[in-house]
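Okay, upload.txt is below, compact mmCIF, C-alpha atoms and all ligand atoms:
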```
# COMPACT_ATOMS: atom_id res chain seq x y z
CA MET A 1 -125.15 44.93 44.85
CA SER A 2 -127.33 44.05 41.89
CA GLU A 3 -126.17 43.57 38.32
CA TRP A 4 -126.20 46.23 35.63
CA ILE A 5 -129.35 45.84 33.52
CA ASP A 6 -129.70 46.97 29.91
CA VAL A 7 -132.23 49.75 29.34
CA ALA A 8 -131.80 50.58 25.64
CA PRO A 9 -129.09 51.24 23.08
CA VAL A 10 -127.76 54.78 23.48
CA ASP A 11 -128.50 55.49 19.82
CA ALA A 12 -132.17 54.52 20.21
CA PHE A 13 -132.77 56.43 23.45
CA GLU A 14 -133.74 59.91 22.30
CA GLU A 15 -133.32 63.08 24.32
CA GLY A 16 -136.41 64.06 26.25
CA THR A 17 -137.77 60.51 26.37
CA VAL A 18 -138.19 58.02 29.19
CA GLN A 19 -137.82 54.24 29.32
CA LEU A 20 -139.55 52.05 31.90
CA LEU A 21 -138.32 48.74 33.24
CA GLU A 22 -138.28 46.59 36.33
CA VAL A 23 -135.13 46.38 38.39
CA GLY A 24 -135.61 43.57 40.87
CA ARG A 25 -139.13 44.27 42.08
CA THR A 26 -138.97 48.01 41.55
CA GLU A 27 -140.48 49.94 38.65
CA VAL A 28 -137.79 52.29 37.40
CA ALA A 29 -138.03 55.22 34.99
CA VAL A 30 -134.88 56.18 33.08
CA PHE A 31 -134.80 59.65 31.53
CA ASN A 32 -132.61 61.11 28.82
CA ILE A 33 -132.12 64.72 29.91
CA ALA A 34 -130.07 66.42 27.19
CA GLY A 35 -127.90 63.34 26.78
CA GLU A 36 -127.59 62.63 30.51
CA PHE A 37 -129.24 59.41 31.69
CA LEU A 38 -130.98 59.62 35.06
CA ALA A 39 -133.06 56.97 36.78
CA ILE A 40 -135.50 57.00 39.69
CA GLU A 41 -138.12 54.72 41.12
CA ASP A 42 -141.31 55.25 39.10
CA VAL A 43 -143.67 55.47 42.07
CA CYS A 44 -144.57 58.80 43.64
CA THR A 45 -144.23 58.66 47.43
CA HIS A 46 -147.40 60.73 47.86
CA ASP A 47 -149.94 58.28 46.47
CA GLY A 48 -148.27 56.01 43.97
CA GLY A 49 -148.48 58.13 40.82
CA THR A 50 -146.41 57.13 37.80
CA LEU A 51 -143.69 59.75 37.65
CA ALA A 52 -142.63 58.80 34.12
CA GLU A 53 -145.84 60.41 32.85
CA GLY A 54 -145.04 63.74 34.49
CA ASP A 55 -143.58 66.89 33.00
CA VAL A 56 -139.83 67.41 33.23
CA GLU A 57 -138.39 70.87 33.81
CA GLY A 58 -134.63 71.00 34.05
CA TYR A 59 -133.75 68.15 36.40
CA GLU A 60 -137.16 68.10 38.08
CA ILE A 61 -140.11 65.85 37.37
CA GLU A 62 -143.64 66.78 38.40
CA CYS A 63 -145.99 64.00 39.40
CA PRO A 64 -148.99 64.10 37.05
CA ARG A 65 -151.45 63.28 39.83
CA HIS A 66 -151.11 66.07 42.41
CA GLY A 67 -148.01 67.97 41.42
CA ALA A 68 -145.30 66.80 43.81
CA ARG A 69 -141.82 67.35 42.39
CA PHE A 70 -138.64 65.31 42.60
CA ASP A 71 -135.03 65.88 41.56
CA LEU A 72 -134.14 63.28 38.92
CA ARG A 73 -130.47 63.33 39.96
CA THR A 74 -131.06 62.42 43.59
CA GLY A 75 -134.69 61.32 44.00
CA LYS A 76 -135.12 64.08 46.60
CA VAL A 77 -138.59 65.53 46.91
CA THR A 78 -138.59 69.25 46.06
CA ALA A 79 -142.28 70.15 46.34
CA PRO A 80 -145.31 68.79 48.26
CA PRO A 81 -147.70 67.05 48.60
CA ALA A 82 -145.02 64.31 48.72
CA TYR A 83 -142.60 64.48 51.64
CA GLU A 84 -140.54 61.33 51.15
CA ASP A 85 -137.83 60.94 48.52
CA VAL A 86 -137.98 58.35 45.75
CA ALA A 87 -135.05 56.00 45.22
CA PRO A 88 -132.40 57.09 42.72
CA PHE A 89 -130.78 54.42 40.54
CA ALA A 90 -127.27 54.38 39.11
CA THR A 91 -126.85 54.59 35.34
CA ARG A 92 -123.94 54.11 32.97
CA ILE A 93 -123.21 53.59 29.30
CA HIS A 94 -121.52 50.29 28.55
CA ALA A 95 -120.84 48.84 25.09
CA GLY A 96 -123.34 51.20 23.52
CA MET A 97 -126.10 50.38 25.98
CA VAL A 98 -127.64 52.53 28.67
CA GLN A 99 -127.66 50.44 31.82
CA VAL A 100 -129.17 50.84 35.26
CA ARG A 101 -128.37 49.30 38.63
CA ASP A 102 -129.96 49.26 42.06
CA GLU A 103 -127.26 50.37 44.50
CA ARG A 104 -129.42 50.59 47.58
CA PRO A 105 -127.59 48.81 50.39
CA ASP A 106 -130.65 46.83 51.46
CA ARG A 107 -131.01 45.34 47.95
CA ALA A 108 -127.67 43.52 48.06
CA THR A 109 -128.75 40.43 46.18
CA GLY A 110 -130.96 42.23 43.63
S1 LIG B 201 -149.46 60.70 43.71
FE1 LIG B 201 -147.82 62.03 43.16
S2 LIG B 201 -148.41 63.95 44.00
FE2 LIG B 201 -149.98 62.63 44.60
```
Could you rewrite the structure in this file as structure tokens?
Amino acid sequence: MSEWIDVAPVDAFEEGTVQLLEVGRTEVAVFNIAGEFLAIEDVCTHDGGTLAEGDVEGYEIECPRHGARFDLRTGKVTAPPAYEDVAPFATRIHAGMVQVRDERPDRATG
């Protein structure tokens, strides 16, 4: 399992905003949804769109390229034209920092 990685101080991470970072070799987008921190891989499974630039409605993000939708809590696709899920990432708050971690079993050494 990979290490926890700092995203941003909780105080500086405003509601409704997104932070981008690399976790291992994966681009990850971390969202502040009404004070809840949720993270997914930032690559749409349809054709590689940057999900962080999409519109958020509730817990769903819409890919800005062709409109596929994903659940930010699980990475599950909820609307075509994408059919594969994106990877969800674990988040936590530790010592005033929002942190993210890759918990996918095939990324054991992160
Ligand atoms: S690249 Fe995201 S819907 Fe096409």
Neighbours of point (-132.0, 61.9, 30.2) within 12 Å, using all atoms listed in the file, written as a ChimeraX atom specification: /A:10,13-19,29-40,52,56-61,72-73,91-92,98
Expected selection as a PyMOL selection string for ligand LIG 201 (chain B) within 10 Å, only C-alpha atoms and all ligand atoms: chain A and resi 43-51+54+62-70+79-83
Atom CA of Asp85 of chain A to atom CA of Glu3 of chain A, straight-line distance in Å: 23.3 Å
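The gap separating atom CA of Glu22 of chain A from atom CA of Met97 of chain A is 16.4 Å, in Å to one decimal.
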Write out N, CA and C atoms for segment 59-90 of chain A, as a PDB file, in the frame of the given file.
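Once everything was written out, this is selection-v3.pdb:
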```pdb
ATOM      1  N   TYR A  59    -133.978  69.462  35.804  1.00  0.00           N
ATOM      2  CA  TYR A  59    -133.750  68.150  36.400  1.00  0.00           C
ATOM      3  C   TYR A  59    -134.910  67.718  37.297  1.00  0.00           C
ATOM      4  N   GLU A  60    -136.030  68.435  37.221  1.00  0.00           N
ATOM      5  CA  GLU A  60    -137.160  68.100  38.080  1.00  0.00           C
ATOM      6  C   GLU A  60    -138.275  67.440  37.298  1.00  0.00           C
ATOM      7  N   ILE A  61    -138.925  66.474  37.949  1.00  0.00           N
ATOM      8  CA  ILE A  61    -140.110  65.850  37.370  1.00  0.00           C
ATOM      9  C   ILE A  61    -141.297  66.172  38.269  1.00  0.00           C
ATOM     10  N   GLU A  62    -142.437  66.468  37.635  1.00  0.00           N
ATOM     11  CA  GLU A  62    -143.640  66.780  38.400  1.00  0.00           C
ATOM     12  C   GLU A  62    -144.609  65.615  38.290  1.00  0.00           C
ATOM     13  N   CYS A  63    -145.037  65.108  39.409  1.00  0.00           N
ATOM     14  CA  CYS A  63    -145.990  64.000  39.400  1.00  0.00           C
ATOM     15  C   CYS A  63    -147.290  64.457  38.727  1.00  0.00           C
ATOM     16  N   PRO A  64    -147.786  63.679  37.770  1.00  0.00           N
ATOM     17  CA  PRO A  64    -148.990  64.100  37.050  1.00  0.00           C
ATOM     18  C   PRO A  64    -150.262  64.048  37.896  1.00  0.00           C
ATOM     19  N   ARG A  65    -150.211  63.405  39.044  1.00  0.00           N
ATOM     20  CA  ARG A  65    -151.450  63.280  39.830  1.00  0.00           C
ATOM     21  C   ARG A  65    -151.736  64.523  40.664  1.00  0.00           C
ATOM     22  N   HIS A  66    -150.820  64.918  41.541  1.00  0.00           N
ATOM     23  CA  HIS A  66    -151.110  66.070  42.410  1.00  0.00           C
ATOM     24  C   HIS A  66    -149.976  67.089  42.445  1.00  0.00           C
ATOM     25  N   GLY A  67    -148.988  66.906  41.596  1.00  0.00           N
ATOM     26  CA  GLY A  67    -148.010  67.970  41.420  1.00  0.00           C
ATOM     27  C   GLY A  67    -146.775  67.948  42.296  1.00  0.00           C
ATOM     28  N   ALA A  68    -146.555  66.888  43.054  1.00  0.00           N
ATOM     29  CA  ALA A  68    -145.300  66.800  43.810  1.00  0.00           C
ATOM     30  C   ALA A  68    -144.129  66.785  42.823  1.00  0.00           C
ATOM     31  N   ARG A  69    -142.977  67.282  43.285  1.00  0.00           N
ATOM     32  CA  ARG A  69    -141.820  67.350  42.390  1.00  0.00           C
ATOM     33  C   ARG A  69    -140.630  66.648  43.028  1.00  0.00           C
ATOM     34  N   PHE A  70    -139.819  66.047  42.142  1.00  0.00           N
ATOM     35  CA  PHE A  70    -138.640  65.310  42.600  1.00  0.00           C
ATOM     36  C   PHE A  70    -137.454  65.655  41.709  1.00  0.00           C
ATOM     37  N   ASP A  71    -136.271  65.641  42.313  1.00  0.00           N
ATOM     38  CA  ASP A  71    -135.030  65.880  41.560  1.00  0.00           C
ATOM     39  C   ASP A  71    -134.595  64.551  40.932  1.00  0.00           C
ATOM     40  N   LEU A  72    -134.483  64.529  39.612  1.00  0.00           N
ATOM     41  CA  LEU A  72    -134.140  63.280  38.920  1.00  0.00           C
ATOM     42  C   LEU A  72    -132.726  62.815  39.221  1.00  0.00           C
ATOM     43  N   ARG A  73    -131.857  63.716  39.678  1.00  0.00           N
ATOM     44  CA  ARG A  73    -130.470  63.330  39.960  1.00  0.00           C
ATOM     45  C   ARG A  73    -130.340  62.610  41.287  1.00  0.00           C
ATOM     46  N   THR A  74    -131.226  62.934  42.227  1.00  0.00           N
ATOM     47  CA  THR A  74    -131.060  62.420  43.590  1.00  0.00           C
ATOM     48  C   THR A  74    -132.280  61.684  44.113  1.00  0.00           C
ATOM     49  N   GLY A  75    -133.440  61.870  43.484  1.00  0.00           N
ATOM     50  CA  GLY A  75    -134.690  61.320  44.000  1.00  0.00           C
ATOM     51  C   GLY A  75    -135.297  62.156  45.114  1.00  0.00           C
ATOM     52  N   LYS A  76    -134.629  63.251  45.485  1.00  0.00           N
ATOM     53  CA  LYS A  76    -135.120  64.080  46.600  1.00  0.00           C
ATOM     54  C   LYS A  76    -136.419  64.786  46.203  1.00  0.00           C
ATOM     55  N   VAL A  77    -137.354  64.798  47.147  1.00  0.00           N
ATOM     56  CA  VAL A  77    -138.590  65.530  46.910  1.00  0.00           C
ATOM     57  C   VAL A  77    -138.285  67.029  46.998  1.00  0.00           C
ATOM     58  N   THR A  78    -138.856  67.816  46.067  1.00  0.00           N
ATOM     59  CA  THR A  78    -138.590  69.250  46.060  1.00  0.00           C
ATOM     60  C   THR A  78    -139.867  70.073  46.214  1.00  0.00           C
ATOM     61  N   ALA A  79    -141.027  69.418  46.133  1.00  0.00           N
ATOM     62  CA  ALA A  79    -142.280  70.150  46.340  1.00  0.00           C
ATOM     63  C   ALA A  79    -143.344  69.181  46.825  1.00  0.00           C
ATOM     64  N   PRO A  80    -144.211  69.640  47.780  1.00  0.00           N
ATOM     65  CA  PRO A  80    -145.310  68.790  48.260  1.00  0.00           C
ATOM     66  C   PRO A  80    -146.357  68.598  47.165  1.00  0.00           C
ATOM     67  N   PRO A  81    -147.308  67.689  47.341  1.00  0.00           N
ATOM     68  CA  PRO A  81    -147.700  67.050  48.600  1.00  0.00           C
ATOM     69  C   PRO A  81    -146.901  65.803  48.977  1.00  0.00           C
ATOM     70  N   ALA A  82    -145.871  65.415  48.256  1.00  0.00           N
ATOM     71  CA  ALA A  82    -145.020  64.310  48.720  1.00  0.00           C
ATOM     72  C   ALA A  82    -143.996  64.873  49.710  1.00  0.00           C
ATOM     73  N   TYR A  83    -143.611  64.057  50.673  1.00  0.00           N
ATOM     74  CA  TYR A  83    -142.600  64.480  51.640  1.00  0.00           C
ATOM     75  C   TYR A  83    -141.446  63.499  51.728  1.00  0.00           C
ATOM     76  N   GLU A  84    -141.621  62.318  51.140  1.00  0.00           N
ATOM     77  CA  GLU A  84    -140.540  61.330  51.150  1.00  0.00           C
ATOM     78  C   GLU A  84    -139.896  61.271  49.775  1.00  0.00           C
ATOM     79  N   ASP A  85    -138.578  61.040  49.772  1.00  0.00           N
ATOM     80  CA  ASP A  85    -137.830  60.940  48.520  1.00  0.00           C
ATOM     81  C   ASP A  85    -138.185  59.639  47.796  1.00  0.00           C
ATOM     82  N   VAL A  86    -137.951  59.611  46.490  1.00  0.00           N
ATOM     83  CA  VAL A  86    -137.980  58.350  45.750  1.00  0.00           C
ATOM     84  C   VAL A  86    -136.544  57.853  45.617  1.00  0.00           C
ATOM     85  N   ALA A  87    -136.389  56.572  45.322  1.00  0.00           N
ATOM     86  CA  ALA A  87    -135.050  56.000  45.220  1.00  0.00           C
ATOM     87  C   ALA A  87    -134.390  56.397  43.895  1.00  0.00           C
ATOM     88  N   PRO A  88    -133.151  56.877  43.952  1.00  0.00           N
ATOM     89  CA  PRO A  88    -132.400  57.090  42.720  1.00  0.00           C
ATOM     90  C   PRO A  88    -131.716  55.788  42.319  1.00  0.00           C
ATOM     91  N   PHE A  89    -131.480  55.594  41.038  1.00  0.00           N
ATOM     92  CA  PHE A  89    -130.780  54.420  40.540  1.00  0.00           C
ATOM     93  C   PHE A  89    -129.558  54.861  39.755  1.00  0.00           C
ATOM     94  N   ALA A  90    -128.492  54.061  39.837  1.00  0.00           N
ATOM     95  CA  ALA A  90    -127.270  54.380  39.110  1.00  0.00           C
ATOM     96  C   ALA A  90    -127.452  54.055  37.632  1.00  0.00           C
TER      97      ALA A  90
END
```
